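A.B. asks: My file is run_27.txt. It has compact mmCIF, C-alpha atoms:
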```txt
# COMPACT_ATOMS: atom_id res chain seq x y z
CA MET A 17 -32.63 197.40 48.88
CA SER A 18 -31.85 200.94 47.80
CA ILE A 19 -35.24 202.45 48.76
CA VAL A 20 -37.32 201.53 51.81
CA VAL A 21 -40.64 203.14 52.68
CA VAL A 22 -41.35 203.54 56.40
CA SER A 23 -45.03 203.70 57.32
CA GLY A 24 -46.89 203.53 60.58
CA THR A 25 -50.15 201.97 61.60
CA GLY A 26 -51.08 205.46 62.78
CA THR A 27 -49.55 208.72 63.93
CA GLU A 28 -47.27 209.54 66.88
CA ILE A 29 -46.07 205.96 67.29
CA GLY A 30 -42.33 206.35 66.72
CA LYS A 31 -41.87 206.35 62.93
CA THR A 32 -39.21 209.04 62.97
CA VAL A 33 -37.14 207.39 65.67
CA VAL A 34 -37.38 203.99 63.95
CA THR A 35 -36.34 205.62 60.67
CA ALA A 36 -33.39 207.16 62.51
CA ALA A 37 -32.41 203.78 63.98
CA VAL A 38 -32.49 202.13 60.54
CA ALA A 39 -30.45 205.02 59.14
CA ALA A 40 -27.92 204.90 61.97
CA THR A 41 -27.41 201.17 61.51
CA ALA A 42 -26.86 201.62 57.79
CA VAL A 43 -24.42 204.50 58.35
CA ALA A 44 -22.48 202.37 60.84
CA ALA A 45 -22.17 199.73 58.11
CA GLY A 46 -20.60 202.30 55.81
CA ARG A 47 -23.63 203.04 53.65
CA SER A 48 -24.58 206.54 52.51
CA VAL A 49 -28.15 207.31 53.56
CA ALA A 50 -30.73 209.88 52.49
CA VAL A 51 -34.02 210.52 54.29
CA LEU A 52 -37.04 211.78 52.36
CA LYS A 53 -40.12 213.24 54.04
CA PRO A 54 -42.67 213.82 51.30
CA ALA A 55 -44.99 216.01 53.36
CA GLN A 56 -44.21 217.55 56.73
CA THR A 57 -47.23 218.91 58.57
CA GLY A 58 -47.69 220.87 61.76
CA LEU A 59 -44.42 222.81 61.72
CA THR A 60 -43.32 226.30 60.78
CA PRO A 61 -40.49 226.77 58.27
CA ALA A 62 -38.09 227.57 61.11
CA GLU A 63 -38.67 224.33 63.02
CA ARG A 64 -36.68 221.13 62.55
CA GLY A 65 -38.66 218.56 60.58
CA ASP A 66 -38.74 214.78 60.87
CA ALA A 67 -36.14 214.24 58.13
CA ASP A 68 -33.77 216.69 59.82
CA GLU A 69 -34.28 214.90 63.13
CA VAL A 70 -33.39 211.57 61.51
CA VAL A 71 -30.17 213.08 60.18
CA ARG A 72 -29.33 214.60 63.57
CA LEU A 73 -29.78 211.32 65.42
CA SER A 74 -28.34 208.96 62.83
CA GLY A 75 -25.59 210.82 61.03
CA ALA A 76 -27.26 210.18 57.68
CA ARG A 77 -25.84 212.26 54.87
CA THR A 78 -28.92 213.93 53.39
CA SER A 79 -32.40 215.03 54.38
CA ALA A 80 -35.05 216.15 51.91
CA GLU A 81 -38.57 217.47 52.33
CA LEU A 82 -40.93 218.05 49.41
CA ALA A 83 -43.53 220.22 51.15
CA ARG A 84 -44.30 221.67 54.55
CA TYR A 85 -47.74 222.66 55.76
CA PRO A 86 -48.37 224.61 58.99
CA GLU A 87 -51.33 222.70 60.45
CA PRO A 88 -50.97 219.22 62.04
CA LEU A 89 -53.36 217.46 59.67
CA ALA A 90 -53.29 214.83 56.94
CA PRO A 91 -51.18 216.15 54.03
CA ASP A 92 -54.11 216.59 51.62
CA THR A 93 -56.17 218.46 54.22
CA ALA A 94 -53.22 220.55 55.38
CA ALA A 95 -52.32 221.52 51.80
CA ARG A 96 -55.92 222.47 50.98
CA ARG A 97 -56.35 224.59 54.08
CA ALA A 98 -53.04 226.36 53.49
CA GLY A 99 -53.84 227.03 49.84
CA MET A 100 -50.68 225.17 48.85
CA ALA A 101 -49.98 222.52 46.24
CA PRO A 102 -50.19 218.93 47.48
CA VAL A 103 -47.49 216.31 46.97
CA GLY A 104 -48.68 213.36 44.93
CA PRO A 105 -47.20 209.85 44.76
CA ALA A 106 -45.52 210.43 41.39
CA ARG A 107 -43.52 213.34 42.79
CA VAL A 108 -42.53 211.28 45.84
CA ALA A 109 -41.32 208.45 43.62
CA GLU A 110 -39.39 210.84 41.38
CA ALA A 111 -37.63 212.42 44.36
CA ALA A 112 -36.77 209.05 45.91
CA ARG A 113 -35.31 207.76 42.65
CA ALA A 114 -33.17 210.89 42.30
CA LEU A 115 -31.79 210.44 45.82
CA ALA A 116 -31.14 206.74 45.15
CA GLU A 117 -28.79 207.70 42.31
CA GLU A 118 -26.44 209.31 44.83
CA HIS A 119 -27.01 207.27 48.01
CA ASP A 120 -26.82 203.60 48.95
CA LEU A 121 -30.09 203.75 50.89
CA VAL A 122 -33.09 206.08 50.72
CA LEU A 123 -35.61 205.98 53.56
CA VAL A 124 -39.00 207.49 52.71
CA GLU A 125 -40.88 208.34 55.90
CA GLY A 126 -44.62 208.72 55.52
CA ALA A 127 -47.07 210.90 57.41
CA GLY A 128 -49.44 209.03 59.70
CA GLY A 129 -50.65 205.70 58.34
CA LEU A 130 -50.26 203.96 55.01
CA LEU A 131 -53.48 205.21 53.42
CA VAL A 132 -53.49 208.82 54.60
CA ARG A 133 -54.38 211.00 51.61
CA PHE A 134 -51.53 212.98 50.10
CA ASP A 135 -53.52 214.78 47.40
CA GLU A 136 -57.04 215.47 46.19
CA GLU A 137 -56.94 212.46 43.87
CA GLY A 138 -56.56 210.21 46.88
CA GLY A 139 -52.90 209.35 46.35
CA THR A 140 -51.19 207.72 49.32
CA LEU A 141 -47.82 206.53 50.55
CA ALA A 142 -48.84 203.06 49.37
CA ASP A 143 -49.15 204.41 45.83
CA ALA A 144 -45.65 205.88 46.06
CA ALA A 145 -44.27 202.54 47.30
CA ARG A 146 -45.95 200.75 44.41
CA LEU A 147 -44.52 203.20 41.87
CA LEU A 148 -41.08 202.63 43.38
CA ASP A 149 -41.54 198.88 43.74
CA ALA A 150 -40.09 199.47 47.21
CA PRO A 151 -40.73 197.38 50.32
CA VAL A 152 -42.52 198.89 53.30
CA LEU A 153 -41.35 198.70 56.91
CA VAL A 154 -44.33 199.01 59.24
CA VAL A 155 -43.97 200.77 62.59
CA ALA A 156 -46.54 199.77 65.20
CA PRO A 157 -47.25 200.68 68.83
CA ALA A 158 -46.63 198.11 71.54
CA GLY A 159 -49.93 197.91 73.37
CA LEU A 160 -53.60 197.00 73.15
CA GLY A 161 -55.18 197.63 69.74
CA THR A 162 -52.01 197.27 67.71
CA LEU A 163 -52.89 193.81 66.34
CA ASN A 164 -55.93 195.11 64.47
CA SER A 165 -54.22 198.18 62.99
CA THR A 166 -51.20 196.12 62.02
CA ALA A 167 -53.37 193.48 60.33
CA LEU A 168 -55.27 196.16 58.40
CA THR A 169 -52.04 197.76 57.22
CA ALA A 170 -50.67 194.39 56.13
CA GLU A 171 -53.89 193.58 54.29
CA ALA A 172 -53.72 196.91 52.43
CA LEU A 173 -50.15 196.16 51.38
CA ARG A 174 -51.00 192.67 50.16
CA ALA A 175 -54.01 193.94 48.21
CA ARG A 176 -51.71 196.31 46.34
CA GLY A 177 -48.96 193.79 45.74
CA ILE A 178 -46.49 195.70 47.92
CA ALA A 179 -43.81 193.79 49.83
CA GLN A 180 -43.71 194.21 53.59
CA LEU A 181 -40.28 193.95 55.19
CA GLY A 182 -41.68 193.41 58.65
CA VAL A 183 -42.80 195.25 61.77
CA VAL A 184 -40.86 197.30 64.31
CA VAL A 185 -42.35 198.36 67.63
CA GLY A 186 -41.84 202.11 67.63
CA SER A 187 -41.77 202.74 71.38
CA TRP A 188 -41.22 199.75 73.64
CA PRO A 189 -42.23 200.68 77.21
CA ALA A 190 -39.85 200.38 80.12
CA ALA A 191 -42.57 198.50 82.03
CA PRO A 192 -44.59 196.63 79.40
CA ASP A 193 -48.06 195.46 80.37
CA LEU A 194 -49.55 192.06 79.56
CA ALA A 195 -50.90 193.16 76.16
CA ALA A 196 -47.52 194.54 75.06
CA ARG A 197 -45.72 191.37 76.13
CA CYS A 198 -48.21 189.13 74.33
CA ASN A 199 -48.00 191.29 71.22
CA LEU A 200 -44.36 190.33 70.77
CA THR A 201 -45.64 186.86 69.87
CA ASP A 202 -48.85 187.91 68.12
CA LEU A 203 -47.66 190.81 65.94
CA PRO A 204 -45.91 188.60 63.33
CA ALA A 205 -49.10 186.57 62.90
CA SER A 206 -51.22 189.70 62.50
CA ALA A 207 -48.77 191.24 60.05
CA GLY A 208 -47.92 188.09 58.15
CA ALA A 209 -44.35 189.34 58.42
CA PRO A 210 -41.54 189.11 60.97
CA LEU A 211 -41.01 191.32 63.99
CA LEU A 212 -37.78 193.16 63.18
CA GLY A 213 -37.14 195.27 66.23
CA ALA A 214 -38.31 197.17 69.27
CA VAL A 215 -37.05 200.69 69.94
CA PRO A 216 -37.13 201.67 73.63
CA GLU A 217 -39.42 204.53 74.56
CA GLY A 218 -37.59 207.83 74.92
CA SER A 219 -34.79 206.85 72.54
CA GLY A 220 -35.28 210.00 70.50
CA ALA A 221 -34.14 212.04 73.51
CA LEU A 222 -30.72 210.35 73.58
CA ASP A 223 -27.56 212.17 72.64
CA PRO A 224 -26.85 211.38 68.96
CA ALA A 225 -23.65 209.50 69.81
CA ALA A 226 -25.51 207.30 72.33
CA PHE A 227 -28.36 206.79 69.88
CA ARG A 228 -26.02 205.64 67.12
CA ALA A 229 -24.17 203.29 69.46
CA ALA A 230 -27.39 201.63 70.59
CA ALA A 231 -29.44 201.58 67.37
CA GLY A 232 -28.13 198.28 66.02
CA GLY A 233 -29.20 196.52 69.19
CA TRP A 234 -32.81 197.55 68.60
CA LEU A 235 -33.08 196.10 65.09
CA ALA A 236 -32.93 192.59 63.66
CA PRO A 237 -30.25 191.40 61.21
CA ALA A 238 -32.63 191.98 58.28
CA LEU A 239 -32.27 195.70 59.09
CA GLY A 240 -28.55 195.47 59.77
CA GLY A 241 -28.74 195.04 63.53
CA SER A 242 -28.27 192.28 66.10
CA TRP A 243 -31.69 192.23 67.84
CA ASP A 244 -33.17 188.76 68.35
CA ALA A 245 -36.97 188.58 68.50
CA ASP A 246 -37.13 185.28 70.40
CA ALA A 247 -34.57 186.33 73.00
CA PHE A 248 -36.30 189.69 73.48
CA ALA A 249 -39.69 188.05 73.94
CA ARG A 250 -38.30 185.60 76.53
CA ALA A 251 -36.64 188.44 78.45
CA ALA A 252 -39.89 190.41 78.41
CA GLY A 253 -41.85 187.46 79.74
CA ALA A 254 -43.94 187.00 76.60
```
As structure tokens, how would this structure be written, given the file I've shared?
C.D. replies:
Amino acid sequence: MSIVVVSGTGTEIGKTVVTAAVAATAVAAGRSVAVLKPAQTGLTPAERGDADEVVRLSGARTSAELARYPEPLAPDTAARRAGMAPVGPARVAEAARALAEEHDLVLVEGAGGLLVRFDEEGGTLADAARLLDAPVLVVAPAGLGTLNSTALTAEALRARGIAQLGVVVGSWPAAPDLAARCNLTDLPASAGAPLLGAVPEGSGALDPAAFRAAAGGWLAPALGGSWDADAFARAAGA
């Protein structure tokens, strides 16, 4: 896989940190990695964006951002309110392909969920993934409600003929409740795809060296790591 799209079942669930973990694991394996954020919202030009944060944590070689909008809204809404041009799926695909010519792996991190509107025509991250013929890694929260949102995301991918790599829990709590523990077993069934990792909550606050050293232990072999879903579930009491 030279291009992987990272999408969440919603916003603020750990997409950036999961993207950083995937990037760090690939870098540790000797691969050159680029991170593409099609539309960054809610930040001023002087602030560090999600793609920059992935590079800081992971040691990836390149970060790229196609547009930045000041208000923390869906990209289409944020672009319209700022009087700025939106970023459509075709431009996202073009940028990802260009990065793939010079890097072993390109990670395209979406904004919010899979079907958040990028432009006034209703283009989405799913459309970009389809143009790229790239698989999608779904990031999901650990707790109550995640089974429904994960199933809906998986259904949207299947309806569009887009491959799903699997699911990663974006922020695994230090003291998981009953729902979170049960979800380790139930998420693969809801997604129709394997559980490929669980990133501990607060991992984004680690020193980059510590983050890189630990990242492979949070991800399954399909993502280059050593994490074992069955062993993790047993240890969690699932």
A.B. asks: Just the residues within 7 Å of Ser74 of chain A, please, counting only C-alpha atoms, with nothing from its chain fewer than 4 positions along; format it as a list in words.
C.D. replies: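 These residues fall inside the cut-off: Ala36, Ala37, Ala39, Ala40, Val70, Pro224 and Arg228 of chain A.
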A.B. asks: Pick out the closest residue to Thr93 of chain A from this set: A:Ala236, A:Ala106, A:Leu130, A:Glu136. Count only C-alpha atoms.
C.D. replies: A:Glu136
A.B. asks: For Ala205 of chain A, find every residue with an atom within 12 Å (counting all atoms listed in the file), except residues of its own chain fewer than 3 positions away, and show them as a JSON list (two decimals) with C-alpha atoms, in the frame of the given file.
C.D. replies:
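Result file out_31.json:
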```json
[["chain", "number", "residue", "atom", "x", "y", "z"],
["A", 163, "LEU", "CA", -52.89, 193.81, 66.34],
["A", 164, "ASN", "CA", -55.93, 195.11, 64.47],
["A", 166, "THR", "CA", -51.20, 196.12, 62.02],
["A", 167, "ALA", "CA", -53.37, 193.48, 60.33],
["A", 170, "ALA", "CA", -50.67, 194.39, 56.13],
["A", 182, "GLY", "CA", -41.68, 193.41, 58.65],
["A", 183, "VAL", "CA", -42.80, 195.25, 61.77],
["A", 198, "CYS", "CA", -48.21, 189.13, 74.33],
["A", 199, "ASN", "CA", -48.00, 191.29, 71.22],
["A", 200, "LEU", "CA", -44.36, 190.33, 70.77],
["A", 201, "THR", "CA", -45.64, 186.86, 69.87],
["A", 202, "ASP", "CA", -48.85, 187.91, 68.12],
["A", 208, "GLY", "CA", -47.92, 188.09, 58.15],
["A", 209, "ALA", "CA", -44.35, 189.34, 58.42],
["A", 210, "PRO", "CA", -41.54, 189.11, 60.97],
["A", 211, "LEU", "CA", -41.01, 191.32, 63.99]]
```
A.B. asks: In Å, how far is it from atom CA of Arg176 of chain A to atom CA of Val122 of chain A?
C.D. replies: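 Interatomic distance, atom CA of Arg176 of chain A to atom CA of Val122 of chain A: 21.5 Å.
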A.B. asks: How would you write as a ChimeraX atom specification the residues that get within 12 Å of (-32.2, 208.2, 45.2) in the file's frame, counting only C-alpha atoms?
C.D. replies: /A:17-20,48-52,78-80,108-124,148,150
A.B. asks: May I have the protein, DNA and RNA residues with an atom at most 10 Å from (-31.5, 209.0, 71.9), counting only C-alpha atoms in the file's coordinates, returned as a ChimeraX atom specification?
C.D. replies: /A:33,36-37,73-74,216-231
A.B. asks: Can you pull out every residue within 9 Å of Ala142 of chain A, counting all atoms listed in the file, but drop anything in the same chain fewer than 2 positions away, and send it as an MDAnalysis selection string?
C.D. replies: chainID A and resid 21 23 105 130:131 139:140 144:147 152 172:173 176 178
A.B. asks: Nearest to Leu194 of chain A: which of A:Gly161, A:Gly253, A:Gly232, A:Pro102 is it, counting only C-alpha atoms?
C.D. replies: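 With only C-alpha atoms as the atom set, the closest residue is A:Gly253.
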A.B. asks: Record the distance separating atom CA of Ala179 of chain A and atom CA of Ala76 of chain A, expressed in Å with one decimal.
C.D. replies: 24.6 Å
A.B. asks: Calculate how many Å separate atom CA of Asp244 of chain A from atom CA of Ala158 of chain A, rounding to one decimal.
C.D. replies: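 Going from atom CA of Asp244 of chain A over to atom CA of Ala158 of chain A covers 16.7 Å.
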A.B. asks: Just checking: using all atoms listed in the file, which residue out of A:Thr27, A:Ala254, A:Phe248, A:Leu181 ends up closest to Asp193 of chain A?
C.D. replies: A:Ala254
A.B. asks: Looking at only C-alpha atoms, which of A:Gly30, A:Gly233, A:Pro204, A:Gly128 is the one that sits closest to Leu89 of chain A?
C.D. replies: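 Smallest distance to Leu89 of chain A is found for A:Gly128.
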A.B. asks: Taking all atoms of segment 128-141 of chain A that the file lists, what box with edges along x, y and z, padded by 5 Å per side, do you get, with centre and edge lengths in Å to one decimal, as AutoDock Vina command-line options?
C.D. replies:
```
--center_x -52.4 --center_y 209.7 --center_z 51.8 --size_x 19.2 --size_y 21.5 --size_z 25.8
```
A.B. asks: Go through A:Ala191, A:Leu203, A:Val132, A:Val154 and flag the residue nearest Lys31 of chain A, using only C-alpha atoms for the distances.
C.D. replies: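 The closest residue to Lys31 of chain A is A:Val154.
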A.B. asks: Quick one: of A:Glu125, A:Gly213, A:Glu171, A:Val185, who's nearest to Ser242 of chain A, counting only C-alpha atoms?
C.D. replies: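 Checking each of A:Glu125, A:Gly213, A:Glu171, A:Val185 against Ser242 of chain A, counting only C-alpha atoms, the winner is A:Gly213.
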A.B. asks: How close does each residue of segment 96-130 of chain A get to segment 83-88 of chain A, giving the shortest atom pair and distance in Å to one decimal for every residue with an atom at most 12 Å away, counting all atoms listed in the file, sorted by chain and residue number, as JSON lines?
C.D. replies:
```
{"residue": "A:Arg96", "atom": "CA", "partner": "A:Tyr85", "partner_atom": "CA", "distance": 9.5}
{"residue": "A:Arg97", "atom": "CA", "partner": "A:Glu87", "partner_atom": "CA", "distance": 8.3}
{"residue": "A:Ala98", "atom": "CA", "partner": "A:Tyr85", "partner_atom": "CA", "distance": 6.9}
{"residue": "A:Gly99", "atom": "CA", "partner": "A:Tyr85", "partner_atom": "CA", "distance": 9.6}
{"residue": "A:Met100", "atom": "CA", "partner": "A:Tyr85", "partner_atom": "CA", "distance": 7.9}
{"residue": "A:Ala101", "atom": "CA", "partner": "A:Ala83", "partner_atom": "CA", "distance": 8.4}
{"residue": "A:Pro102", "atom": "CA", "partner": "A:Ala83", "partner_atom": "CA", "distance": 7.7}
{"residue": "A:Val103", "atom": "CA", "partner": "A:Ala83", "partner_atom": "CA", "distance": 7.0}
{"residue": "A:Gly104", "atom": "CA", "partner": "A:Ala83", "partner_atom": "CA", "distance": 10.6}
{"residue": "A:Arg107", "atom": "CA", "partner": "A:Ala83", "partner_atom": "CA", "distance": 10.8}
{"residue": "A:Val108", "atom": "CA", "partner": "A:Ala83", "partner_atom": "CA", "distance": 10.4}
{"residue": "A:Ala111", "atom": "CA", "partner": "A:Ala83", "partner_atom": "CA", "distance": 11.9}
{"residue": "A:Ala127", "atom": "CA", "partner": "A:Pro88", "partner_atom": "CA", "distance": 10.3}
{"residue": "A:Gly128", "atom": "CA", "partner": "A:Pro88", "partner_atom": "CA", "distance": 10.6}
```
